[in-house]
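final28.tsv (TSV, C-alpha atoms and all ligand atoms)
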```tsv
chain	number	residue	atom	x	y	z
A	1	MET	CA	0.00	0.00	0.00
A	2	LYS	CA	2.79	2.32	0.94
A	3	SER	CA	4.68	1.76	-2.32
A	4	TYR	CA	1.39	2.11	-4.27
A	5	THR	CA	0.87	5.56	-2.71
A	6	ARG	CA	4.45	6.47	-3.51
A	7	ILE	CA	4.01	5.46	-7.17
A	8	THR	CA	0.70	7.37	-7.38
A	9	THR	CA	2.38	10.45	-5.91
A	10	LEU	CA	5.21	10.09	-8.38
A	11	ILE	CA	2.77	9.85	-11.32
A	12	VAL	CA	0.85	12.91	-10.10
A	13	LEU	CA	4.10	14.84	-9.71
A	14	LEU	CA	5.24	13.82	-13.18
A	15	MET	CA	1.89	14.87	-14.66
A	16	ALA	CA	2.07	18.19	-12.84
A	17	ALA	CA	5.60	18.69	-14.15
A	18	GLY	CA	4.34	17.83	-17.63
A	19	PHE	CA	1.56	20.41	-17.42
A	20	ALA	CA	4.01	22.97	-16.06
A	21	THR	CA	6.31	22.32	-19.02
A	22	LEU	CA	3.38	22.59	-21.42
A	23	GLN	CA	2.32	25.85	-19.85
A	24	ALA	CA	5.84	27.29	-20.02
A	25	GLN	CA	6.06	26.42	-23.70
A	26	ASN	CA	2.62	27.63	-24.66
A	27	THR	CA	1.58	30.89	-23.07
A	28	GLU	CA	-0.04	32.40	-26.15
A	29	TYR	CA	-2.67	35.05	-25.43
A	30	THR	CA	-4.54	37.70	-27.39
A	31	ILE	CA	-5.24	41.39	-26.81
A	32	ASP	CA	-7.34	43.37	-29.30
A	33	GLY	CA	-7.08	40.50	-31.77
A	34	MET	CA	-3.28	40.45	-31.60
A	35	THR	CA	-1.31	37.42	-30.50
A	36	PHE	CA	1.45	37.52	-27.91
A	37	GLY	CA	3.36	35.03	-25.78
A	38	MET	CA	5.45	32.88	-28.07
A	39	PRO	CA	7.20	29.70	-26.90
A	40	GLU	CA	10.83	29.94	-25.86
A	41	ALA	CA	13.38	30.06	-28.69
A	42	GLU	CA	15.37	26.90	-29.39
A	43	VAL	CA	19.13	27.07	-29.89
A	44	TYR	CA	20.83	23.95	-31.23
A	45	THR	CA	23.40	22.64	-33.65
A	46	GLU	CA	22.31	20.99	-36.88
A	47	ASP	CA	24.02	19.38	-39.81
A	48	TYR	CA	22.57	21.75	-42.40
A	49	ASN	CA	24.33	22.91	-45.53
A	50	GLY	CA	21.35	23.43	-47.84
A	51	PRO	CA	19.92	26.63	-49.31
A	52	PRO	CA	20.48	29.57	-46.95
A	53	VAL	CA	17.11	31.17	-47.76
A	54	VAL	CA	14.01	28.98	-47.76
A	55	GLY	CA	10.36	29.95	-47.54
A	56	ASP	CA	7.48	31.41	-49.48
A	57	TYR	CA	6.78	35.06	-50.37
A	58	ILE	CA	10.47	35.99	-50.24
A	59	SER	CA	11.91	38.24	-52.93
A	60	MET	CA	14.95	40.18	-53.94
A	61	LEU	CA	14.80	43.96	-53.89
A	62	PRO	CA	13.07	45.90	-55.45
A	63	ASN	CA	10.41	43.22	-55.87
A	64	LEU	CA	7.66	42.22	-53.51
A	65	ALA	CA	6.22	38.70	-53.79
A	66	PRO	CA	2.42	39.01	-54.14
A	67	LEU	CA	0.35	37.30	-51.42
A	68	ASP	CA	-1.85	34.80	-53.26
A	69	TYR	CA	-3.78	33.60	-50.22
A	70	GLU	CA	-6.74	34.90	-48.27
A	71	GLY	CA	-6.67	35.47	-44.54
A	72	ASN	CA	-3.74	34.30	-42.47
A	73	LYS	CA	-0.98	31.77	-43.03
A	74	HIS	CA	1.78	30.15	-40.97
A	75	HIS	CA	5.14	30.73	-42.70
A	76	GLU	CA	8.24	28.60	-42.19
A	77	ILE	CA	11.19	30.80	-43.08
A	78	ARG	CA	14.90	30.03	-42.98
A	79	MET	CA	17.41	32.78	-43.46
A	80	ASP	CA	20.98	31.90	-42.56
A	81	THR	CA	23.66	34.48	-41.78
A	82	PHE	CA	27.07	34.30	-43.46
A	83	THR	CA	29.79	36.34	-45.12
A	84	GLN	CA	29.86	37.28	-48.79
A	85	GLU	CA	32.19	39.48	-50.74
A	86	ILE	CA	29.91	41.92	-52.56
A	87	GLU	CA	30.17	44.99	-54.73
A	88	ILE	CA	28.37	48.08	-53.44
A	89	ALA	CA	29.57	50.68	-55.95
A	90	ASP	CA	31.68	50.67	-59.07
A	91	GLY	CA	35.07	49.28	-57.97
A	92	VAL	CA	34.07	49.05	-54.30
A	93	SER	CA	33.74	45.59	-52.75
A	94	TYR	CA	33.94	44.38	-49.16
A	95	ARG	CA	33.33	41.30	-47.06
A	96	ALA	CA	29.72	41.84	-46.05
A	97	TRP	CA	28.02	40.21	-43.09
A	98	THR	CA	24.72	39.17	-44.61
A	99	PHE	CA	21.34	37.64	-44.01
A	100	GLY	CA	20.85	35.31	-46.94
A	101	GLY	CA	23.89	36.47	-48.92
A	102	MET	CA	22.86	39.96	-50.02
A	103	VAL	CA	22.78	43.51	-48.65
A	104	PRO	CA	20.04	44.32	-47.83
A	105	GLY	CA	18.75	40.81	-47.11
A	106	PRO	CA	15.68	39.26	-48.72
A	107	VAL	CA	12.29	40.99	-48.62
A	108	ILE	CA	9.85	38.93	-46.57
A	109	HIS	CA	6.16	39.52	-47.29
A	110	VAL	CA	3.43	38.42	-44.89
A	111	ARG	CA	-0.05	39.57	-43.90
A	112	GLU	CA	-1.04	41.20	-40.60
A	113	GLY	CA	-1.87	38.34	-38.22
A	114	ASP	CA	0.39	35.76	-39.91
A	115	LYS	CA	2.65	33.59	-37.74
A	116	ILE	CA	6.26	33.05	-38.71
A	117	THR	CA	8.45	30.18	-37.57
A	118	PHE	CA	11.92	31.53	-38.22
A	119	THR	CA	15.13	29.51	-38.41
A	120	MET	CA	18.62	30.95	-38.74
A	121	LYS	CA	21.95	29.16	-38.75
A	122	ASN	CA	25.07	31.20	-38.08
A	123	ARG	CA	27.20	30.04	-41.01
A	124	SER	CA	29.82	32.78	-40.73
A	125	ASP	CA	32.42	30.03	-40.32
A	126	GLU	CA	31.66	28.35	-43.66
A	127	GLU	CA	31.71	29.27	-47.32
A	128	VAL	CA	28.12	29.48	-48.51
A	129	VAL	CA	27.43	29.67	-52.22
A	130	ILE	CA	24.17	31.43	-52.90
A	131	THR	CA	24.54	32.32	-56.56
A	132	ASP	CA	24.81	28.75	-57.80
A	133	PRO	CA	21.27	27.53	-58.48
A	134	GLY	CA	22.67	24.04	-59.08
A	135	ALA	CA	23.91	23.92	-55.50
A	136	THR	CA	20.62	25.19	-54.15
A	137	PRO	CA	17.93	23.68	-56.38
A	138	SER	CA	15.07	23.99	-53.93
A	139	SER	CA	15.46	27.67	-53.13
A	140	ASP	CA	13.36	30.07	-55.13
A	141	TYR	CA	15.35	32.97	-53.68
A	142	ALA	CA	18.67	31.47	-54.89
A	143	GLN	CA	17.09	31.27	-58.33
A	144	GLN	CA	16.21	34.96	-58.16
A	145	ILE	CA	19.77	35.83	-57.10
A	146	ALA	CA	21.27	33.74	-59.89
A	147	GLU	CA	19.02	35.37	-62.48
A	148	ASN	CA	19.60	38.91	-61.21
A	149	ASN	CA	23.06	38.79	-59.77
A	150	TYR	CA	24.40	42.31	-59.92
A	151	MET	CA	26.48	42.27	-56.80
A	152	ASP	CA	28.85	39.51	-57.88
A	153	ALA	CA	28.74	37.86	-54.46
A	154	LYS	CA	31.57	35.48	-53.59
A	155	PRO	CA	31.65	33.25	-50.51
A	156	SER	CA	33.92	34.34	-47.71
A	157	ILE	CA	34.54	33.40	-44.05
A	158	MET	CA	34.52	35.71	-41.01
A	159	PRO	CA	33.39	33.71	-37.93
A	160	MET	CA	31.37	36.03	-35.74
A	161	PRO	CA	28.47	35.82	-33.27
A	162	HIS	CA	25.22	37.14	-34.76
A	163	SER	CA	21.51	37.46	-33.99
A	164	MET	CA	18.23	38.47	-35.58
A	165	ASP	CA	15.95	41.30	-34.47
A	166	PHE	CA	12.70	41.58	-36.46
A	167	HIS	CA	11.06	44.93	-35.78
A	168	ALA	CA	7.86	43.35	-37.13
A	169	GLY	CA	7.83	41.00	-34.14
A	170	THR	CA	6.81	41.65	-30.54
A	171	VAL	CA	8.78	39.30	-28.28
A	172	ALA	CA	11.31	39.27	-25.44
A	173	LYS	CA	14.60	40.22	-27.02
A	174	ASP	CA	16.75	38.33	-24.50
A	175	ASP	CA	15.04	35.17	-25.72
A	176	LYS	CA	14.21	35.45	-29.44
A	177	TRP	CA	16.84	38.00	-30.47
A	178	ARG	CA	19.66	36.28	-28.60
A	179	THR	CA	23.13	35.99	-30.07
A	180	ILE	CA	24.26	32.65	-31.43
A	181	ALA	CA	27.82	31.47	-32.09
A	182	PRO	CA	29.13	30.30	-35.48
A	183	GLY	CA	27.74	26.82	-36.13
A	184	GLU	CA	24.66	27.34	-33.93
A	185	THR	CA	21.05	27.59	-35.14
A	186	ILE	CA	18.19	29.52	-33.53
A	187	LYS	CA	14.50	28.87	-34.13
A	188	PHE	CA	11.59	30.92	-32.81
A	189	ASP	CA	8.02	32.00	-33.57
A	190	TRP	CA	6.60	35.49	-33.89
A	191	VAL	CA	3.34	36.97	-35.10
A	192	ALA	CA	3.10	39.98	-37.42
A	193	ASN	CA	0.64	41.89	-35.23
A	194	TYR	CA	0.96	45.27	-36.92
A	195	ALA	CA	0.75	46.17	-40.60
A	196	GLY	CA	3.65	48.10	-42.08
A	197	THR	CA	7.18	47.84	-43.38
A	198	TYR	CA	9.66	46.86	-40.72
A	199	ILE	CA	13.42	46.57	-40.68
A	200	TYR	CA	15.18	43.46	-39.46
A	201	HIS	CA	18.80	43.62	-38.37
A	202	CYS	CA	21.45	41.90	-36.32
A	203	GLY	CA	21.27	42.99	-32.69
A	204	THR	CA	24.69	41.78	-31.57
A	205	PRO	CA	27.07	44.47	-30.24
A	206	SER	CA	28.33	46.56	-31.85
A	207	VAL	CA	24.88	46.79	-33.44
A	208	LEU	CA	26.15	49.81	-35.36
A	209	MET	CA	28.92	47.70	-36.88
A	210	HIS	CA	26.83	44.58	-37.52
A	211	THR	CA	24.10	46.60	-39.26
A	212	ALA	CA	26.56	48.73	-41.23
A	213	MET	CA	28.41	45.56	-42.27
A	214	GLY	CA	25.21	44.54	-44.08
A	215	GLN	CA	22.96	42.65	-41.67
A	216	HIS	CA	19.63	44.28	-42.37
A	217	GLY	CA	16.55	43.92	-44.55
A	218	VAL	CA	12.78	44.41	-44.39
A	219	VAL	CA	9.55	42.57	-43.69
A	220	VAL	CA	6.49	44.00	-45.44
A	221	VAL	CA	3.37	43.23	-43.43
A	222	SER	CA	0.32	43.91	-45.59
A	223	PRO	CA	-2.73	45.14	-43.66
A	224	LYS	CA	-5.45	42.50	-43.22
A	225	ASP	CA	-8.05	44.85	-44.72
A	226	GLY	CA	-5.60	46.35	-47.26
A	227	TYR	CA	-4.98	50.01	-48.10
A	228	PRO	CA	-7.87	52.03	-49.59
A	229	THR	CA	-6.16	52.31	-53.00
A	230	ASP	CA	-5.10	48.66	-53.41
A	231	TYR	CA	-7.25	48.09	-56.48
A	232	GLU	CA	-5.77	51.10	-58.28
A	233	VAL	CA	-2.11	50.13	-57.78
A	234	ASP	CA	-0.32	49.22	-61.03
A	235	ARG	CA	3.24	48.74	-59.74
A	236	GLU	CA	4.62	47.92	-56.34
A	237	TYR	CA	8.29	48.13	-55.32
A	238	VAL	CA	10.44	48.06	-52.20
A	239	VAL	CA	13.19	50.63	-51.71
A	240	VAL	CA	15.63	50.41	-48.80
A	241	GLN	CA	18.03	53.21	-47.96
A	242	SER	CA	21.17	52.47	-45.96
A	243	GLU	CA	24.70	53.70	-45.28
A	244	TYR	CA	28.07	52.05	-45.70
A	245	TYR	CA	31.13	53.16	-43.74
A	246	LEU	CA	34.01	51.81	-45.76
A	247	THR	CA	37.59	52.76	-46.33
A	248	GLU	CA	40.26	51.36	-48.62
A	249	GLY	CA	42.04	48.40	-47.07
A	250	PRO	CA	45.43	46.80	-47.57
A	251	SER	CA	44.00	44.51	-50.28
A	252	ASP	CA	41.67	45.50	-53.10
A	253	LEU	CA	38.76	45.01	-50.69
A	254	TYR	CA	37.34	47.89	-48.70
A	255	GLN	CA	36.95	47.53	-44.95
A	256	TYR	CA	34.82	48.90	-42.13
A	257	ASP	CA	35.76	52.40	-40.97
A	258	PHE	CA	35.08	52.55	-37.21
A	259	GLU	CA	35.63	56.30	-36.90
A	260	ALA	CA	33.43	57.17	-39.88
A	261	ALA	CA	30.65	55.00	-38.40
A	262	GLN	CA	30.98	56.62	-34.96
A	263	THR	CA	30.85	60.12	-36.43
A	264	VAL	CA	28.07	59.29	-38.96
A	265	ASN	CA	30.20	60.14	-41.96
A	266	PRO	CA	29.20	57.42	-44.44
A	267	SER	CA	31.35	56.63	-47.46
A	268	HIS	CA	28.22	55.62	-49.40
A	269	VAL	CA	24.50	56.18	-48.89
A	270	VAL	CA	22.55	53.91	-51.18
A	271	PHE	CA	19.20	52.58	-52.28
A	272	ASN	CA	18.86	48.79	-52.34
A	273	GLY	CA	22.45	48.15	-51.32
A	274	HIS	CA	24.31	49.50	-54.33
A	275	GLN	CA	25.23	53.03	-55.35
A	276	THR	CA	23.96	52.79	-58.94
A	277	ILE	CA	21.65	49.77	-58.99
A	278	LEU	CA	18.44	51.80	-59.29
A	279	HIS	CA	19.90	53.71	-62.23
A	280	ASP	CA	21.39	50.64	-63.92
A	281	ARG	CA	18.07	48.84	-63.45
A	282	PRO	CA	15.43	51.57	-63.15
A	283	LEU	CA	12.02	50.88	-61.68
A	284	LYS	CA	9.46	50.71	-64.46
A	285	ALA	CA	5.99	52.21	-64.82
A	286	ASN	CA	3.83	54.01	-67.37
A	287	GLU	CA	2.25	57.44	-67.57
A	288	GLY	CA	-0.98	57.60	-65.58
A	289	GLU	CA	-0.18	54.60	-63.41
A	290	ARG	CA	-0.36	54.48	-59.64
A	291	VAL	CA	2.99	53.37	-58.23
A	292	ARG	CA	3.36	52.13	-54.69
A	293	LEU	CA	6.70	52.19	-52.92
A	294	HIS	CA	7.44	50.61	-49.58
A	295	VAL	CA	10.39	52.73	-48.44
A	296	SER	CA	12.46	51.88	-45.40
A	297	ASN	CA	15.43	53.77	-44.03
A	298	ASN	CA	17.54	51.01	-42.51
A	299	GLY	CA	20.28	53.42	-41.42
A	300	PRO	CA	22.05	52.39	-39.26
A	301	SER	CA	22.41	56.03	-38.22
A	302	GLY	CA	21.27	58.51	-40.87
A	303	THR	CA	17.91	60.03	-41.71
A	304	SER	CA	16.28	60.13	-45.13
A	305	SER	CA	14.19	62.91	-46.66
A	306	PHE	CA	12.67	60.73	-49.33
A	307	HIS	CA	11.40	62.52	-52.42
A	308	VAL	CA	10.57	61.65	-56.03
A	309	ILE	CA	11.51	64.47	-58.41
A	310	GLY	CA	8.49	65.38	-60.54
A	311	ALA	CA	5.89	63.64	-58.39
A	312	ILE	CA	3.82	64.45	-55.33
A	313	PHE	CA	2.91	61.64	-53.00
A	314	ASP	CA	-0.84	61.11	-53.36
A	315	ARG	CA	-1.02	58.99	-50.19
A	316	VAL	CA	1.56	58.24	-47.55
A	317	TRP	CA	1.02	55.71	-44.80
A	318	LEU	CA	3.66	56.41	-42.19
A	319	GLU	CA	5.38	53.17	-41.11
A	320	GLY	CA	3.08	51.49	-43.63
A	321	HIS	CA	0.14	51.39	-41.24
A	322	PRO	CA	-3.15	52.15	-43.02
A	323	PHE	CA	-4.39	54.37	-40.16
A	324	ASN	CA	-1.40	56.75	-40.54
A	325	GLU	CA	-2.55	58.29	-43.80
A	326	MET	CA	-1.17	61.58	-45.09
A	327	ARG	CA	-1.91	63.22	-48.44
A	328	GLY	CA	-0.09	65.51	-50.83
A	329	MET	CA	3.39	65.12	-49.40
A	330	GLN	CA	6.50	66.26	-51.28
A	331	THR	CA	8.99	64.56	-48.96
A	332	VAL	CA	8.74	61.94	-46.25
A	333	LEU	CA	11.16	62.18	-43.35
A	334	LEU	CA	12.34	58.78	-42.24
A	335	GLY	CA	14.48	58.32	-39.15
A	336	ALA	CA	16.75	55.32	-38.79
A	337	SER	CA	14.53	52.20	-38.83
A	338	SER	CA	11.49	54.15	-40.01
A	339	SER	CA	9.40	53.47	-43.10
A	340	ALA	CA	6.48	54.64	-45.19
A	341	THR	CA	4.22	53.16	-47.82
A	342	ILE	CA	3.83	55.73	-50.58
A	343	ASP	CA	1.43	55.97	-53.54
A	344	PHE	CA	1.97	58.43	-56.37
A	345	ILE	CA	0.62	58.92	-59.86
A	346	VAL	CA	3.19	58.95	-62.66
A	347	PRO	CA	2.21	62.18	-64.40
A	348	GLU	CA	3.95	61.84	-67.77
A	349	GLU	CA	6.25	59.62	-69.77
A	350	GLY	CA	9.84	60.28	-68.71
A	351	LYS	CA	12.38	59.80	-65.97
A	352	TYR	CA	11.68	60.34	-62.30
A	353	ILE	CA	14.50	60.45	-59.78
A	354	LEU	CA	14.06	58.87	-56.36
A	355	ILE	CA	16.25	60.84	-53.99
A	356	ASP	CA	17.18	61.49	-50.39
A	357	HIS	CA	16.65	65.27	-50.46
A	358	GLU	CA	19.42	65.59	-47.88
A	359	PHE	CA	21.78	66.33	-50.75
A	360	ALA	CA	24.95	65.25	-48.98
A	361	ASP	CA	23.39	61.76	-48.89
A	362	ALA	CA	22.20	62.05	-52.50
A	363	GLU	CA	25.75	62.87	-53.61
A	364	LYS	CA	26.97	59.75	-51.80
A	365	GLY	CA	24.59	57.65	-53.85
A	366	ALA	CA	21.06	57.84	-52.41
A	367	THR	CA	19.32	58.23	-55.77
A	368	GLY	CA	17.51	56.00	-58.22
A	369	THR	CA	15.44	56.18	-61.38
A	370	LEU	CA	11.86	55.35	-62.21
A	371	LYS	CA	11.49	55.17	-65.97
A	372	ALA	CA	7.97	55.82	-67.22
A	373	GLY	CA	6.72	54.66	-70.60
A	374	PRO	CA	3.72	56.04	-72.51
A	375	ARG	CA	0.17	55.91	-71.23
A	376	ASN	CA	-1.50	52.65	-72.15
A	377	LYS	CA	-4.81	52.58	-70.40
A	401	CU	CU	25.69	40.27	-36.54
```

Could you express the structure from this file as structure tokens?
Ligand SMILES: [Cu+2]
Amino acid sequence: MKSYTRITTLIVLLMAAGFATLQAQNTEYTIDGMTFGMPEAEVYTEDYNGPPVVGDYISMLPNLAPLDYEGNKHHEIRMDTFTQEIEIADGVSYRAWTFGGMVPGPVIHVREGDKITFTMKNRSDEEVVITDPGATPSSDYAQQIAENNYMDAKPSIMPMPHSMDFHAGTVAKDDKWRTIAPGETIKFDWVANYAGTYIYHCGTPSVLMHTAMGQHGVVVVSPKDGYPTDYEVDREYVVVQSEYYLTEGPSDLYQYDFEAAQTVNPSHVVFNGHQTILHDRPLKANEGERVRLHVSNNGPSGTSSFHVIGAIFDRVWLEGHPFNEMRGMQTVLLGASSSATIDFIVPEEGKYILIDHEFADAEKGATGTLKAGPRNK
């Protein structure tokens, strides 16, 4: 009888422990229709050497993958971090710390309310080839890179601790955004509770250095009820402004300039990671069309006075949230890690220059072209 009681007690204790574990791992709750309380992040080692970017609705700048589903979806996204030698201006290359092999990293598109299970392996200690579609047959993003490779990325190694901070997520940073060592993988869930365009970046000190070295990108969270002009939009693009702080190094590669970064004196201020990419490959539209730009200033330290020469912004949703609507704006001021979703009508056939109207930044590269063809509707 005694031993029976002991066994029963043991079973009850084990069950209680089981429930406690379940509760600790699943504390999801909702407020105003938003979901909070994600399970604890997992950190582990895995034998993974497959495609570094895997998942749906992921695109290369300036494109945005259209959402072809109704309501909400659970996305499984992998985006590994590793080093690539990339070109950021004519004759200027450096060893970039990247998410997914490019600077900025891939554009992730989800809908307000979607859940994301995110996996990232720190592969800074291995050579990762992203531009070879043969080596990465199952990655749609690798295919996009291979077809549009303008940065001439080459694998490189710089072992370094890294982390991921999604501004589109609302979680405890000491858990989800924690730093992982080379060879480690982190996996965590988050829910896109707010519509808008949000930066993601590495949050490992020096955050200034890790972001400036290239670890940043954007998540576009489309509002669940859309924007009021959705059905009139003819073209949709993503434009990311950012700074590089580079100086000539002992080899033909440029290297990070600590003093320039500390004093906010960038060597290059660019759209979509490269000084001339948006002139070499202009955005396209036609006269009379409504163009939508999701513009994010990823910094790490500068501001952007975003303007399009020859156009007035018909609608501006600050941070991309549909409630923050402004009309008739000439310039949108974006602080570091700030964004806006902007609609404008292309008035005539011709060339329109996207520009940071802070001209010191424009002269360091923060310009691009939208080329408009004749009216066809
Ligand atoms: Cu980092």

Worksheet item: Residues within 9 Å of ligand CU 401 (chain A) (only C-alpha atoms and all ligand atoms), as an MDAnalysis selection string?
Response: chainID A and resid 81 97:98 160:164 179 201:207 209:211 213:215

Practice prompt. May I have the residues within 12 Å of A:Asn324 as a count of residues only, using all atoms listed in the file and disregarding those fewer than 5 positions away in the same chain?
Written response: 12

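Shortest atom-to-atom contact with A:Gly288 among A:Arg375, A:His74, A:Arg327, A:Arg123: A:Arg375, counting only C-alpha atoms.
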
Which residues are close to A:His294, i.e. within 12 Å by all atoms listed in the file, leaving aside same-chain residues fewer than 3 positions away? Reply as an mmCIF file with C-alpha atoms, in the coordinates of the input.
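Saved the output as result-v5.cif:
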```cif
data_model
loop_
_atom_site.group_PDB
_atom_site.id
_atom_site.type_symbol
_atom_site.label_atom_id
_atom_site.label_comp_id
_atom_site.auth_asym_id
_atom_site.auth_seq_id
_atom_site.Cartn_x
_atom_site.Cartn_y
_atom_site.Cartn_z
ATOM 1 C CA LEU A 61 14.800 43.960 -53.890
ATOM 2 C CA PRO A 62 13.070 45.900 -55.450
ATOM 3 C CA ASN A 63 10.410 43.220 -55.870
ATOM 4 C CA LEU A 64 7.660 42.220 -53.510
ATOM 5 C CA VAL A 107 12.290 40.990 -48.620
ATOM 6 C CA HIS A 109 6.160 39.520 -47.290
ATOM 7 C CA GLY A 196 3.650 48.100 -42.080
ATOM 8 C CA THR A 197 7.180 47.840 -43.380
ATOM 9 C CA TYR A 198 9.660 46.860 -40.720
ATOM 10 C CA ILE A 199 13.420 46.570 -40.680
ATOM 11 C CA VAL A 218 12.780 44.410 -44.390
ATOM 12 C CA VAL A 219 9.550 42.570 -43.690
ATOM 13 C CA VAL A 220 6.490 44.000 -45.440
ATOM 14 C CA VAL A 221 3.370 43.230 -43.430
ATOM 15 C CA SER A 222 0.320 43.910 -45.590
ATOM 16 C CA ARG A 235 3.240 48.740 -59.740
ATOM 17 C CA GLU A 236 4.620 47.920 -56.340
ATOM 18 C CA TYR A 237 8.290 48.130 -55.320
ATOM 19 C CA VAL A 238 10.440 48.060 -52.200
ATOM 20 C CA VAL A 239 13.190 50.630 -51.710
ATOM 21 C CA VAL A 240 15.630 50.410 -48.800
ATOM 22 C CA GLN A 241 18.030 53.210 -47.960
ATOM 23 C CA ASN A 272 18.860 48.790 -52.340
ATOM 24 C CA VAL A 291 2.990 53.370 -58.230
ATOM 25 C CA ASN A 297 15.430 53.770 -44.030
ATOM 26 C CA PHE A 306 12.670 60.730 -49.330
ATOM 27 C CA ARG A 315 -1.020 58.990 -50.190
ATOM 28 C CA VAL A 316 1.560 58.240 -47.550
ATOM 29 C CA TRP A 317 1.020 55.710 -44.800
ATOM 30 C CA LEU A 318 3.660 56.410 -42.190
ATOM 31 C CA GLU A 319 5.380 53.170 -41.110
ATOM 32 C CA GLY A 320 3.080 51.490 -43.630
ATOM 33 C CA HIS A 321 0.140 51.390 -41.240
ATOM 34 C CA VAL A 332 8.740 61.940 -46.250
ATOM 35 C CA SER A 338 11.490 54.150 -40.010
ATOM 36 C CA SER A 339 9.400 53.470 -43.100
ATOM 37 C CA ALA A 340 6.480 54.640 -45.190
ATOM 38 C CA THR A 341 4.220 53.160 -47.820
ATOM 39 C CA ILE A 342 3.830 55.730 -50.580
ATOM 40 C CA ASP A 343 1.430 55.970 -53.540
ATOM 41 C CA PHE A 344 1.970 58.430 -56.370
#
```

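Between atom CA of A:Phe118 and atom CA of A:Pro159 lies a distance of 21.6 Å.
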